[in-house]
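Just below is one structure, and these are the notes that go with it.
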Amino acid sequence: MTVRLIKDGVYAVGAIDWNERHFHGHTYVTRRGVTYNSYLIVDEKITLIDTVRRGYEKELIENIRTLVDLSKIKIDIIIINHIEPDHSGAFPEILKLCPGAKVYGTERARQGLLKYYGVSGDWTVVKSGQSLNIGKRTLNFIDVPMIHWPDSMFTYSAYDKILFSNDGFGQHYATNKVFDDEVDFAALMDEAQKYYANILWPFNALVAAKLSTIDKLNLNIELIAPSHGLVWRRYVPEIMQKYLYWSSHSCQNRIAVVYETMWNSTEKMAGKIIEGITSEGVEAVLFDVTKNDRTDIASYMLDAKGWVFGSSTHDGEMLPVITGFLHFLKGSKAKGRRSFAFGSYGWSGEAVKDIEDTGSCVSTFESSLMVVFNPTDEELNKCFEAGKTFALKIKTEK
Ligand code: FEO
C-alpha cells in the first residue's frame with residue numbers, strides 16, 4: 001500500500017494482500033483479497049494505530065519511513081486495538097525498532113500479545129472512558145469486546161473526527177484506493193455484508209449494545225477507519241445503518257435453498273421448490289452447497305428470512321458437505337428464520353431429521369418433504385406446492 005493521507009496528520013500506512021483467498025485459515029474465502037490497515041498519526045507524539053500481519057512488516061516500516069525518519073524520531077505510542085495476528089503480527093518488529101514506545105490497549109490484549117509473541121512492551125492498560133493526549137489530539141478508548149475478540153477496542157480522535165474501528169465496519173477488499181467513494185459502492189457493500197455475516201453475526205447482541213453505547217457518546221464521526229478495506233467517508237451513515245439492521249436480526253422476504261445431492265433426485269426437488277417460491281414472486285437463490293463457498297451462502301442468508309435445506313441420505317445421515325455447512329451455520333446464532341427440510345432417500349431417509357436436528361437452534365422448521373429414489377411427477381408437484389406455500393408464509397407472516 002502506498003501511504004495515503006486520510007486527514008491532516010493522519011496517514012494510512014498498512015499493507016495490501018492482493019492474493020489472499022483463504023483468510024483465517026480456511027474459514028473465509030476472500031475473493032477480492034485483504035488489506036491490513038495501520039494508521040500513523042503525526043502529532044507531538046508519533047502514534048501508530050495497529051500493525052499488520054506477519055510477513056508485511058517491511059511494507060509497514062517502509063511506509064512509516066516515508067513520513068518520519070525512524071533513525072532520528074521514534075514511534076512514541078503504539079495503540080493495539082486488537083491482537084489477532086492479522087493486526088499484531090508486525091508488533092514485535094515495530095517494538096524492536098522503537099523499544100521505548102509506550103503501548104496502550106486492554107488487559108486482555110496485553111495478555112494475548114505476551115502469549116503470542118512473548119513481548120508486550122511498556123504497556124498501559126486502558127478501558128472505556130479513558131483517554132490519552134498525544135499533542136493537539138486526545139485519543140479516547142472504547143472497549144468493544146467480541147468486535148471481534150474479547151480484547152478488542154476502538155480508538156476515537158475527536159480532533160480528526162475519526163473512529164479507528166479495527167475489525168468493526170471492515171471489508172475484505174484489496175485496492176490501492178483508500179476511501180469508500182473511490183470504489184464501486186455495490187461491491188463495497190457486498191463485501192461489508194459478507195464480512196459482517198462471517199465475522200460478526202454470532203455477536204449480534206454485543207454489536208447492537210455497543211452501537212447504542214457509541215450513539216449515546218454522541219461522537220462526531222466524519223471518518224470510520226477500519227483495519228480491513230476502505231475508510232468510510234461518504235457512506236458513514238449508510239454503514240452505521242447497516243450495522244444496526246444486521247445486528248437486530250432483521251430479515252427480508254427472501255429465501256435461500258441450500259442442498260446437496262447424490263444422484264440428482266434431491267436436486268430435482270430443489271429445482272421444483274424454487275419454482276414454487278418464484279410463482280409467489282418471492283426472491284430466492286438456489287445454492288448447491290458443494291459448488292458454492294459457504295461464506296458466500298452465509299452472506300446471502302444473513303438477512304434472508306427463509307432457509308430451505310435439502311440432502312440425500314447416505315449411510316444413514318445427511319451428506320457430508322451440507323453437514324459441515326449446517327454446523328458452520330449454527331455459529332451464527334441467527335433468530336427469526338423459517339425453514340423446511342427435504343431430500344431423496346433409498347431405504348431409511350435420516351437426512352431430513354438430521355437437518356432439522358442440526359438446524360433447529362438457528363431456525364424454526366416446518367413439515368419436511370421426502371421422496372424415495374427418483375421423484376415422480378406427482379412428487380415434483382408436491383415440491384412445487386411446498387415451495388409456493390412456504391413463500392406465501394414468508395411474505396405474509398411477520
Ligand atoms: Fe482482522 Fe479479528 O482480526
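We name chains A, B, ... following the order of the C-alpha cells; residues begin at 1 in each chain, and ligands are numbered from 1 as shown.
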
Quiz prompt | Exercise answer, 8 Å around ligand 1 with only C-alpha atoms and all ligand atoms, as number ranges by chain | solution = A: 36, 82-87, 147-149, 166-167, 199, 227-228

Exercise. Find the residues around segment 157-164 of chain A up to 8 Å (only C-alpha atoms counted), leave out those fewer than 6 positions away in its own chain, and share them as a ChimeraX atom specification.
Key: /A:7,49,136-140,219-227

Quiz item: Of the candidates A:Val236, A:Met189, A:Cys251, A:Ile79, which one gets nearest to Tyr156 of chain A if we count only C-alpha atoms?
Solution: A:Ile79

Exercise. Would you return as number ranges by chain the members of segment 25-241 of chain A that DSSP assigns to helix (DSSP H, G or I) on this structure's backbone?
Key: A: 57-65, 85-88, 91-97, 107-117, 180-182, 185-217, 236-241

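With atom CA of Glu385 of chain A on one side and atom CA of Val352 of chain A on the other, the separation reads 18.2 Å.
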
Quiz prompt | For Thr261 of chain A: contacts at 9 Å, only C-alpha atoms, fewer than 2 positions along chain excluded, given as a list in words | solution =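 After dropping sequence-adjacent residues, the list is Tyr259, Trp263, Asn264, Ser265, Thr266, Glu267, Asp288, Thr290, Gly310, Ser311, Ser312, Thr313, Leu319, Gly343 and Ser344 of chain A.
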
Quiz item: Looking at A:Cys98, A:Leu113, A:Ala174, A:Met269, which one is nearest to Val34 of chain A, with distances taken over only C-alpha atoms?
Solution: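 Using only C-alpha atoms, the shortest distance to Val34 of chain A belongs to A:Ala174.
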
Self-check item: Residues flagged strand (DSSP E or B) by DSSP in segment 137-362 of chain A, as a VMD selection string
Solution: chain A and resid 138 to 143 153 to 157 162 to 166 179 223 to 226 231 to 232 252 to 260 283 to 288 304 to 311 313 to 314 317 to 318 338 to 345

Practice problem: Please provide the set of residues having any atom within 10 Å of Glu317 of chain A, restricted to only C-alpha atoms, with same-chain residues fewer than 6 positions apart removed, written as JSON, numbers by chain. | Solution: {"A": [311, 323, 348, 349, 350, 351, 352, 353, 354, 355]}

Quiz item: If we count only C-alpha atoms, what is near Phe390 of chain A at a cut-off of 9 Å, once residues fewer than 3 positions away on the same chain are taken out, given as a list of chain:residue names?
Solution: A:Gly276, A:Ile277, A:Gly306, A:Arg338, A:Ser339, A:Phe340, A:Glu366, A:Glu385, A:Ala386, A:Gly387, A:Lys393, A:Ile394, A:Lys395

Limited to C-alpha atoms, could you put the picked residues into a file as a PDB file, in the first residue's frame?
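Ended up saving to part29.pdb:
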ATOM      1  CA  GLY A 276     -42.912 -22.827  -6.414  1.00  0.00           C
ATOM      2  CA  ILE A 277     -41.272 -19.980  -4.472  1.00  0.00           C
ATOM      3  CA  GLY A 306     -36.427 -18.322   4.687  1.00  0.00           C
ATOM      4  CA  ARG A 338     -38.191 -20.245   8.982  1.00  0.00           C
ATOM      5  CA  SER A 339     -37.137 -23.470   7.323  1.00  0.00           C
ATOM      6  CA  PHE A 340     -38.133 -26.813   5.977  1.00  0.00           C
ATOM      7  CA  GLU A 366     -41.966 -26.815   9.293  1.00  0.00           C
ATOM      8  CA  GLU A 385     -46.568 -26.686  -3.819  1.00  0.00           C
ATOM      9  CA  ALA A 386     -44.267 -26.837  -0.763  1.00  0.00           C
ATOM     10  CA  GLY A 387     -42.156 -24.021  -2.216  1.00  0.00           C
ATOM     11  CA  LYS A 393     -45.783 -17.715   4.605  1.00  0.00           C
ATOM     12  CA  ILE A 394     -42.513 -15.847   4.239  1.00  0.00           C
ATOM     13  CA  LYS A 395     -44.139 -12.886   2.554  1.00  0.00           C
TER      14      LYS A 395
END

Exercise. Would you mind listing what lies within 9 Å of Val29 of chain A as a ChimeraX atom specification, with only C-alpha atoms counted and same-chain residues fewer than 4 positions away left out?
Key: /A:20-24,33,293-296
